[in-house]
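Here is input05.pdb, consisting of PDB, C-alpha atoms and all ligand atoms:
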ATOM      1  CA  MET V 156     -33.795 -31.503 -22.492  1.00  0.00           C
ATOM      2  CA  LYS V 157     -36.343 -34.255 -21.876  1.00  0.00           C
ATOM      3  CA  ILE V 158     -39.071 -33.906 -19.261  1.00  0.00           C
ATOM      4  CA  GLY V 159     -37.890 -35.279 -15.941  1.00  0.00           C
ATOM      5  CA  GLU V 160     -34.244 -34.626 -16.749  1.00  0.00           C
ATOM      6  CA  SER V 161     -32.645 -32.101 -14.420  1.00  0.00           C
ATOM      7  CA  LEU V 162     -30.515 -29.261 -15.718  1.00  0.00           C
ATOM      8  CA  PRO V 163     -26.747 -29.829 -15.527  1.00  0.00           C
ATOM      9  CA  PHE V 164     -24.648 -28.211 -12.794  1.00  0.00           C
ATOM     10  CA  GLY V 165     -23.042 -25.014 -13.984  1.00  0.00           C
ATOM     11  CA  PHE V 166     -26.176 -23.948 -15.843  1.00  0.00           C
ATOM     12  CA  GLU V 167     -27.611 -20.664 -14.555  1.00  0.00           C
ATOM     13  CA  ASP V 168     -27.908 -21.100 -10.767  1.00  0.00           C
ATOM     14  CA  THR V 169     -28.176 -24.906 -10.651  1.00  0.00           C
ATOM     15  CA  SER V 170     -24.887 -25.263  -8.731  1.00  0.00           C
ATOM     16  CA  TYR V 171     -25.850 -22.523  -6.282  1.00  0.00           C
ATOM     17  CA  GLN V 172     -29.160 -24.280  -5.616  1.00  0.00           C
ATOM     18  CA  ALA V 173     -27.451 -27.684  -5.287  1.00  0.00           C
ATOM     19  CA  ALA V 174     -25.116 -26.115  -2.714  1.00  0.00           C
ATOM     20  CA  GLY V 175     -28.121 -25.011  -0.659  1.00  0.00           C
ATOM     21  CA  GLY V 176     -28.160 -21.322  -1.572  1.00  0.00           C
ATOM     22  CA  TYR V 177     -26.274 -18.736   0.486  1.00  0.00           C
ATOM     23  CA  GLN V 178     -26.641 -20.621   3.771  1.00  0.00           C
ATOM     24  CA  GLY V 179     -25.224 -23.716   2.069  1.00  0.00           C
ATOM     25  CA  VAL V 180     -22.251 -21.701   0.782  1.00  0.00           C
ATOM     26  CA  ILE V 181     -21.625 -20.310   4.271  1.00  0.00           C
ATOM     27  CA  ASN V 182     -21.684 -23.837   5.718  1.00  0.00           C
ATOM     28  CA  LEU V 183     -19.139 -24.999   3.131  1.00  0.00           C
ATOM     29  CA  VAL V 184     -16.847 -22.026   3.788  1.00  0.00           C
ATOM     30  CA  GLU V 185     -17.075 -22.420   7.590  1.00  0.00           C
ATOM     31  CA  CYS V 186     -16.157 -26.081   7.226  1.00  0.00           C
ATOM     32  CA  PHE V 187     -13.279 -25.290   4.837  1.00  0.00           C
ATOM     33  CA  TYR V 188     -11.756 -22.789   7.273  1.00  0.00           C
ATOM     34  CA  GLN V 189     -12.303 -25.181  10.179  1.00  0.00           C
ATOM     35  CA  TYR V 190     -10.065 -27.734   8.414  1.00  0.00           C
ATOM     36  CA  LEU V 191      -7.589 -25.041   7.398  1.00  0.00           C
ATOM     37  CA  ASP V 192      -7.393 -23.870  10.986  1.00  0.00           C
ATOM     38  CA  THR V 193      -7.117 -27.262  12.703  1.00  0.00           C
ATOM     39  CA  LEU V 194      -5.475 -29.848  10.419  1.00  0.00           C
ATOM     40  CA  PRO V 195      -1.807 -30.086  11.455  1.00  0.00           C
ATOM     41  CA  GLU V 196      -0.727 -30.751   7.859  1.00  0.00           C
ATOM     42  CA  ALA V 197      -2.488 -27.549   6.699  1.00  0.00           C
ATOM     43  CA  LYS V 198      -0.134 -25.379   8.803  1.00  0.00           C
ATOM     44  CA  PRO V 199       1.997 -24.105   5.878  1.00  0.00           C
ATOM     45  CA  LEU V 200      -1.221 -22.871   4.231  1.00  0.00           C
ATOM     46  CA  ARG V 201      -2.795 -21.533   7.436  1.00  0.00           C
ATOM     47  CA  GLU V 202       0.246 -19.291   7.920  1.00  0.00           C
ATOM     48  CA  LEU V 203      -0.654 -17.339   4.774  1.00  0.00           C
ATOM     49  CA  TYR V 204      -4.006 -16.258   6.207  1.00  0.00           C
ATOM     50  CA  PRO V 205      -4.658 -13.588   8.819  1.00  0.00           C
ATOM     51  CA  LYS V 206      -5.059 -14.697  12.433  1.00  0.00           C
ATOM     52  CA  ASP V 207      -8.695 -13.617  12.440  1.00  0.00           C
ATOM     53  CA  LEU V 208     -10.448 -15.443   9.604  1.00  0.00           C
ATOM     54  CA  THR V 209     -13.705 -13.437   9.699  1.00  0.00           C
ATOM     55  CA  ARG V 210     -12.918 -11.334   6.640  1.00  0.00           C
ATOM     56  CA  SER V 211     -11.430 -14.299   4.717  1.00  0.00           C
ATOM     57  CA  LYS V 212     -14.653 -16.241   5.330  1.00  0.00           C
ATOM     58  CA  ASP V 213     -16.820 -13.357   4.178  1.00  0.00           C
ATOM     59  CA  LYS V 214     -14.724 -12.918   1.019  1.00  0.00           C
ATOM     60  CA  LEU V 215     -14.721 -16.586   0.066  1.00  0.00           C
ATOM     61  CA  ALA V 216     -18.447 -17.077   0.771  1.00  0.00           C
ATOM     62  CA  ARG V 217     -19.388 -13.994  -1.221  1.00  0.00           C
ATOM     63  CA  PHE V 218     -17.109 -14.973  -4.094  1.00  0.00           C
ATOM     64  CA  LEU V 219     -18.414 -18.550  -4.230  1.00  0.00           C
ATOM     65  CA  SER V 220     -22.005 -17.311  -4.330  1.00  0.00           C
ATOM     66  CA  GLY V 221     -21.413 -15.693  -7.739  1.00  0.00           C
ATOM     67  CA  TRP V 222     -18.991 -18.411  -8.872  1.00  0.00           C
ATOM     68  CA  LEU V 223     -21.734 -20.997  -8.375  1.00  0.00           C
ATOM     69  CA  GLY V 224     -24.193 -18.950 -10.419  1.00  0.00           C
ATOM     70  CA  GLY V 225     -25.883 -17.202  -7.504  1.00  0.00           C
ATOM     71  CA  PRO V 226     -25.868 -13.483  -6.586  1.00  0.00           C
ATOM     72  CA  ARG V 227     -22.536 -11.731  -7.211  1.00  0.00           C
ATOM     73  CA  VAL V 228     -22.309 -10.403  -3.674  1.00  0.00           C
ATOM     74  CA  TYR V 229     -18.488 -10.284  -3.603  1.00  0.00           C
ATOM     75  CA  GLN V 230     -18.461  -7.516  -6.200  1.00  0.00           C
ATOM     76  CA  GLU V 231     -21.124  -5.549  -4.290  1.00  0.00           C
ATOM     77  CA  LYS V 232     -18.841  -5.244  -1.282  1.00  0.00           C
ATOM     78  CA  TYR V 233     -15.274  -5.665  -2.526  1.00  0.00           C
ATOM     79  CA  GLY V 234     -15.389  -4.820  -6.242  1.00  0.00           C
ATOM     80  CA  GLU V 235     -14.295  -6.824  -9.287  1.00  0.00           C
ATOM     81  CA  ILE V 236     -11.873  -9.705  -8.811  1.00  0.00           C
ATOM     82  CA  ASN V 237      -9.686 -11.891 -10.981  1.00  0.00           C
ATOM     83  CA  ILE V 238      -8.760 -15.042  -9.102  1.00  0.00           C
ATOM     84  CA  PRO V 239      -5.241 -15.723 -10.504  1.00  0.00           C
ATOM     85  CA  ARG V 240      -4.366 -12.012 -10.149  1.00  0.00           C
ATOM     86  CA  ALA V 241      -5.726 -11.865  -6.571  1.00  0.00           C
ATOM     87  CA  HIS V 242      -3.336 -14.692  -5.660  1.00  0.00           C
ATOM     88  CA  GLN V 243      -0.277 -13.620  -7.633  1.00  0.00           C
ATOM     89  CA  SER V 244       1.804 -12.032  -4.889  1.00  0.00           C
ATOM     90  CA  MET V 245       1.189 -14.610  -2.141  1.00  0.00           C
ATOM     91  CA  GLY V 246       4.109 -16.856  -3.075  1.00  0.00           C
ATOM     92  CA  LEU V 247       1.851 -19.887  -3.508  1.00  0.00           C
ATOM     93  CA  THR V 248       3.409 -23.270  -4.245  1.00  0.00           C
ATOM     94  CA  GLU V 249       2.112 -26.610  -5.487  1.00  0.00           C
ATOM     95  CA  GLN V 250       2.047 -27.720  -1.832  1.00  0.00           C
ATOM     96  CA  HIS V 251      -0.216 -24.801  -0.866  1.00  0.00           C
ATOM     97  CA  LYS V 252      -2.518 -25.709  -3.742  1.00  0.00           C
ATOM     98  CA  MET V 253      -2.731 -29.375  -2.709  1.00  0.00           C
ATOM     99  CA  LEU V 254      -3.490 -28.349   0.890  1.00  0.00           C
ATOM    100  CA  TRP V 255      -6.157 -25.863  -0.202  1.00  0.00           C
ATOM    101  CA  LEU V 256      -7.836 -28.485  -2.355  1.00  0.00           C
ATOM    102  CA  ALA V 257      -7.546 -31.115   0.406  1.00  0.00           C
ATOM    103  CA  CYS V 258      -9.323 -28.816   2.911  1.00  0.00           C
ATOM    104  CA  MET V 259     -12.008 -28.044   0.337  1.00  0.00           C
ATOM    105  CA  ASN V 260     -12.351 -31.730  -0.533  1.00  0.00           C
ATOM    106  CA  ARG V 261     -12.989 -32.593   3.120  1.00  0.00           C
ATOM    107  CA  ALA V 262     -15.399 -29.688   3.545  1.00  0.00           C
ATOM    108  CA  ILE V 263     -17.369 -30.824   0.489  1.00  0.00           C
ATOM    109  CA  ALA V 264     -17.539 -34.385   1.836  1.00  0.00           C
ATOM    110  CA  ASP V 265     -19.090 -33.041   5.075  1.00  0.00           C
ATOM    111  CA  GLN V 266     -21.948 -31.277   3.268  1.00  0.00           C
ATOM    112  CA  PRO V 267     -25.286 -32.955   2.539  1.00  0.00           C
ATOM    113  CA  TYR V 268     -24.557 -32.912  -1.208  1.00  0.00           C
ATOM    114  CA  SER V 269     -25.341 -35.678  -3.671  1.00  0.00           C
ATOM    115  CA  THR V 270     -22.283 -37.689  -4.746  1.00  0.00           C
ATOM    116  CA  LYS V 271     -22.771 -36.290  -8.234  1.00  0.00           C
ATOM    117  CA  PHE V 272     -22.603 -32.677  -7.066  1.00  0.00           C
ATOM    118  CA  ALA V 273     -19.691 -33.348  -4.700  1.00  0.00           C
ATOM    119  CA  THR V 274     -17.677 -34.927  -7.540  1.00  0.00           C
ATOM    120  CA  TYR V 275     -18.563 -32.061  -9.870  1.00  0.00           C
ATOM    121  CA  LEU V 276     -17.582 -29.429  -7.303  1.00  0.00           C
ATOM    122  CA  ASN V 277     -14.226 -31.025  -6.509  1.00  0.00           C
ATOM    123  CA  ALA V 278     -13.384 -31.047 -10.216  1.00  0.00           C
ATOM    124  CA  GLN V 279     -14.545 -27.428 -10.589  1.00  0.00           C
ATOM    125  CA  PHE V 280     -12.327 -26.134  -7.761  1.00  0.00           C
ATOM    126  CA  LYS V 281      -9.294 -27.716  -9.391  1.00  0.00           C
ATOM    127  CA  ILE V 282      -9.679 -25.459 -12.446  1.00  0.00           C
ATOM    128  CA  PRO V 283      -9.041 -22.052 -10.785  1.00  0.00           C
ATOM    129  CA  ALA V 284      -6.534 -23.647  -8.379  1.00  0.00           C
ATOM    130  CA  ASP V 285      -4.485 -24.916 -11.356  1.00  0.00           C
ATOM    131  CA  ARG V 286      -4.824 -21.513 -13.034  1.00  0.00           C
ATOM    132  CA  ILE V 287      -3.465 -19.736  -9.961  1.00  0.00           C
ATOM    133  CA  LEU V 288      -0.323 -21.872 -10.057  1.00  0.00           C
ATOM    134  CA  ALA V 289      -0.005 -21.703 -13.850  1.00  0.00           C
ATOM    135  CA  ALA V 290      -0.195 -17.888 -13.682  1.00  0.00           C
ATOM    136  CA  GLY V 291       2.662 -17.903 -11.176  1.00  0.00           C
ATOM    137  CA  SER V 292       2.634 -16.615  -7.632  1.00  0.00           C
ATOM    138  CA  THR V 293       5.648 -14.741  -6.398  1.00  0.00           C
ATOM    139  CA  ALA V 294       6.522 -14.158  -2.775  1.00  0.00           C
ATOM    140  CA  PRO V 295       5.418 -10.838  -1.355  1.00  0.00           C
ATOM    141  CA  THR V 296       8.185  -8.241  -1.214  1.00  0.00           C
ATOM    142  CA  ARG V 297       8.212  -6.483   2.094  1.00  0.00           C
TER
HETATM  143  C1  LIG V 301      -4.315 -22.800  -5.194  1.00  0.00           C
HETATM  144  C2  LIG V 301      -5.077 -22.889  -4.110  1.00  0.00           C
HETATM  145  C3  LIG V 301      -5.366 -21.656  -3.264  1.00  0.00           C
HETATM  146  C4  LIG V 301      -4.607 -21.128  -2.272  1.00  0.00           C
HETATM  147  C5  LIG V 301      -3.305 -21.693  -1.727  1.00  0.00           C
HETATM  148  C6  LIG V 301      -5.294 -19.925  -1.816  1.00  0.00           C
HETATM  149  C7  LIG V 301      -4.860 -19.085  -0.795  1.00  0.00           C
HETATM  150  C8  LIG V 301      -5.400 -17.851  -0.496  1.00  0.00           C
HETATM  151  C9  LIG V 301      -4.870 -16.932   0.475  1.00  0.00           C
HETATM  152  C10 LIG V 301      -3.639 -17.167   1.342  1.00  0.00           C
HETATM  153  C11 LIG V 301      -5.669 -15.844   0.475  1.00  0.00           C
HETATM  154  C12 LIG V 301      -5.471 -14.548   1.312  1.00  0.00           C
HETATM  155  C13 LIG V 301      -6.203 -14.587   2.598  1.00  0.00           C
HETATM  156  C14 LIG V 301      -7.476 -13.815   2.577  1.00  0.00           C
HETATM  157  O1  LIG V 301      -7.435 -12.583   2.447  1.00  0.00           O
HETATM  158  O2  LIG V 301      -8.545 -14.442   2.668  1.00  0.00           O
HETATM  159  C15 LIG V 301      -6.715 -16.075  -0.500  1.00  0.00           C
HETATM  160  C16 LIG V 301      -7.724 -15.199  -0.809  1.00  0.00           C
HETATM  161  C17 LIG V 301      -8.806 -15.506  -1.606  1.00  0.00           C
HETATM  162  N1  LIG V 301      -9.018 -16.673  -2.280  1.00  0.00           N
HETATM  163 FE1  LIG V 301      -7.738 -18.193  -2.433  1.00  0.00          FE
HETATM  164  N2  LIG V 301      -6.443 -19.759  -2.533  1.00  0.00           N
HETATM  165  C18 LIG V 301      -6.510 -20.794  -3.437  1.00  0.00           C
HETATM  166  C19 LIG V 301      -7.525 -21.045  -4.322  1.00  0.00           C
HETATM  167  C20 LIG V 301      -8.685 -20.316  -4.415  1.00  0.00           C
HETATM  168  C21 LIG V 301      -9.804 -20.662  -5.244  1.00  0.00           C
HETATM  169  C22 LIG V 301      -9.861 -21.925  -6.116  1.00  0.00           C
HETATM  170  C23 LIG V 301     -10.745 -19.703  -5.066  1.00  0.00           C
HETATM  171  C24 LIG V 301     -12.102 -19.557  -5.670  1.00  0.00           C
HETATM  172  C25 LIG V 301     -12.700 -20.470  -6.407  1.00  0.00           C
HETATM  173  C26 LIG V 301     -10.193 -18.730  -4.120  1.00  0.00           C
HETATM  174  C27 LIG V 301     -10.813 -17.582  -3.691  1.00  0.00           C
HETATM  175  C28 LIG V 301     -10.224 -16.608  -2.920  1.00  0.00           C
HETATM  176  C29 LIG V 301     -10.825 -15.300  -2.657  1.00  0.00           C
HETATM  177  C30 LIG V 301     -12.160 -14.805  -3.191  1.00  0.00           C
HETATM  178  C31 LIG V 301      -9.929 -14.611  -1.833  1.00  0.00           C
HETATM  179  C32 LIG V 301     -10.057 -13.175  -1.318  1.00  0.00           C
HETATM  180  C33 LIG V 301      -9.295 -12.289  -2.291  1.00  0.00           C
HETATM  181  C34 LIG V 301      -9.401 -10.818  -1.965  1.00  0.00           C
HETATM  182  O3  LIG V 301     -10.502 -10.324  -1.816  1.00  0.00           O
HETATM  183  O4  LIG V 301      -8.366 -10.178  -1.870  1.00  0.00           O
HETATM  184  N3  LIG V 301      -8.951 -19.144  -3.748  1.00  0.00           N
HETATM  185  N4  LIG V 301      -6.527 -17.298  -1.067  1.00  0.00           N
END
Translate this structure into structure tokens?
Ligand code: HEM
Amino acid sequence: MKIGESLPFGFEDTSYQAAGGYQGVINLVECFYQYLDTLPEAKPLRELYPKDLTRSKDKLARFLSGWLGGPRVYQEKYGEINIPRAHQSMGLTEQHKMLWLACMNRAIADQPYSTKFATYLNAQFKIPADRILAAGSTAPTR
């Protein structure tokens, strides 16, 4: 690493810092759920979430903190998590995935991120989203 060169995203907590720390993560999550809750085309995805999104917001913000290299505050409150497994009985489809990524894409665009970080983050979210679908998600049996 040459002097003056910044560390790449994904190294230690560089992504977490680029996102603006915990407050930055909260802003991103708030914005994501705002799109999820209001975009008419996101309705099929919105239906999978509880009416009150408070807990969903807390879970996603806490998870993303650790995922971005910051404090692992999800585990402190909710325990260990495996993302494909956590999503496996929700009956998720390719359409749900595209809608989730579209809401996240818009939320990222609304943040004061550099273009470089925004592009990086969009590509990073695609990885677990693809894994969730590849692992299979069967409809809940009630
Ligand atoms: C394929 C796209 C995705 C869809 C359709 C989707 C949908 C959902 C739904 C419906 C829930 C349950 C509602 C709730 O309890 O909050 C949920 C939970 C969650 N999702 Fe996703 N999700 C997707 C991708 C992701 C990705 C990429 C991440 C992280 C990088 C993520 C992180 C979480 C977390 C942490 C929870 C809470 C799990 C728990 O504590 O039980 N999701 N997701």
Problem - Hits from the PyMOL selection byres (((not hetatm)) within 8 of (chain V and resi 301)), listed as a PyMOL selection string - result: chain V and resi 200-205+208+210-212+214-219+222+229+233+236+238+241-242+245+247-249+251-256+280-288
Convert the current residue selection to file output with C-alpha atoms, as a compact mmCIF listing (two decimals), in the coordinates of the input.
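Full text of again04.txt as output:
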# COMPACT_ATOMS: atom_id res chain seq x y z
CA LEU V 200 -1.22 -22.87 4.23
CA ARG V 201 -2.80 -21.53 7.44
CA GLU V 202 0.25 -19.29 7.92
CA LEU V 203 -0.65 -17.34 4.77
CA TYR V 204 -4.01 -16.26 6.21
CA PRO V 205 -4.66 -13.59 8.82
CA LEU V 208 -10.45 -15.44 9.60
CA ARG V 210 -12.92 -11.33 6.64
CA SER V 211 -11.43 -14.30 4.72
CA LYS V 212 -14.65 -16.24 5.33
CA LYS V 214 -14.72 -12.92 1.02
CA LEU V 215 -14.72 -16.59 0.07
CA ALA V 216 -18.45 -17.08 0.77
CA ARG V 217 -19.39 -13.99 -1.22
CA PHE V 218 -17.11 -14.97 -4.09
CA LEU V 219 -18.41 -18.55 -4.23
CA TRP V 222 -18.99 -18.41 -8.87
CA TYR V 229 -18.49 -10.28 -3.60
CA TYR V 233 -15.27 -5.66 -2.53
CA ILE V 236 -11.87 -9.70 -8.81
CA ILE V 238 -8.76 -15.04 -9.10
CA ALA V 241 -5.73 -11.86 -6.57
CA HIS V 242 -3.34 -14.69 -5.66
CA MET V 245 1.19 -14.61 -2.14
CA LEU V 247 1.85 -19.89 -3.51
CA THR V 248 3.41 -23.27 -4.24
CA GLU V 249 2.11 -26.61 -5.49
CA HIS V 251 -0.22 -24.80 -0.87
CA LYS V 252 -2.52 -25.71 -3.74
CA MET V 253 -2.73 -29.38 -2.71
CA LEU V 254 -3.49 -28.35 0.89
CA TRP V 255 -6.16 -25.86 -0.20
CA LEU V 256 -7.84 -28.48 -2.36
CA PHE V 280 -12.33 -26.13 -7.76
CA LYS V 281 -9.29 -27.72 -9.39
CA ILE V 282 -9.68 -25.46 -12.45
CA PRO V 283 -9.04 -22.05 -10.78
CA ALA V 284 -6.53 -23.65 -8.38
CA ASP V 285 -4.49 -24.92 -11.36
CA ARG V 286 -4.82 -21.51 -13.03
CA ILE V 287 -3.46 -19.74 -9.96
CA LEU V 288 -0.32 -21.87 -10.06
Exercise for the section: List the residues matched by the PyMOL selection byres (((chain V and resi 173-182) around 12) and not hetatm) in the displayed structure as a ChimeraX atom specification, ordered by chain and then by residue number. Expected result: /V:161-172,183-189,209,211-228,259,262-273,275-276
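Of the listed residues V:Ala294, V:Lys206, V:Asn260, V:Arg240, the one whose atoms come nearest to Gln279 in chain V is V:Asn260, with distances taken using all atoms listed in the file.
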Completion exercise
Computed gap from CA of Ser292 in chain V to CA of Pro199 in chain V is 15.5 Å
Practice task
Calculate how many Å separate CA of Ala257 in chain V from CA of Ala197 in chain V, rounding to one decimal.
Solution key: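 Going from CA of Ala257 in chain V over to CA of Ala197 in chain V covers 8.8 Å.
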Practice task
May I ask which of the residues V:Asn237, V:Ser244, V:Asn277, V:Gln250 is the closest one to Lys198 in chain V, counting all atoms listed in the file?
Solution key: V:Gln250
Can you tell me, as JSON, the centre and edge lengths (Å, one decimal) of the axis-aligned box enclosing all of range 217-228 of chain V's listed atoms after padding each side by 8 Å?
{"center_x": -21.5, "center_y": -15.7, "center_z": -5.8, "size_x": 24.8, "size_y": 26.6, "size_z": 25.2}
Handout entry: Point-to-point distance in Å for CA of Ala290 in chain V and CA of Lys232 in chain V
Key =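 According to the coordinates, CA of Lys232 in chain V and CA of Ala290 in chain V are separated by 25.7 Å.
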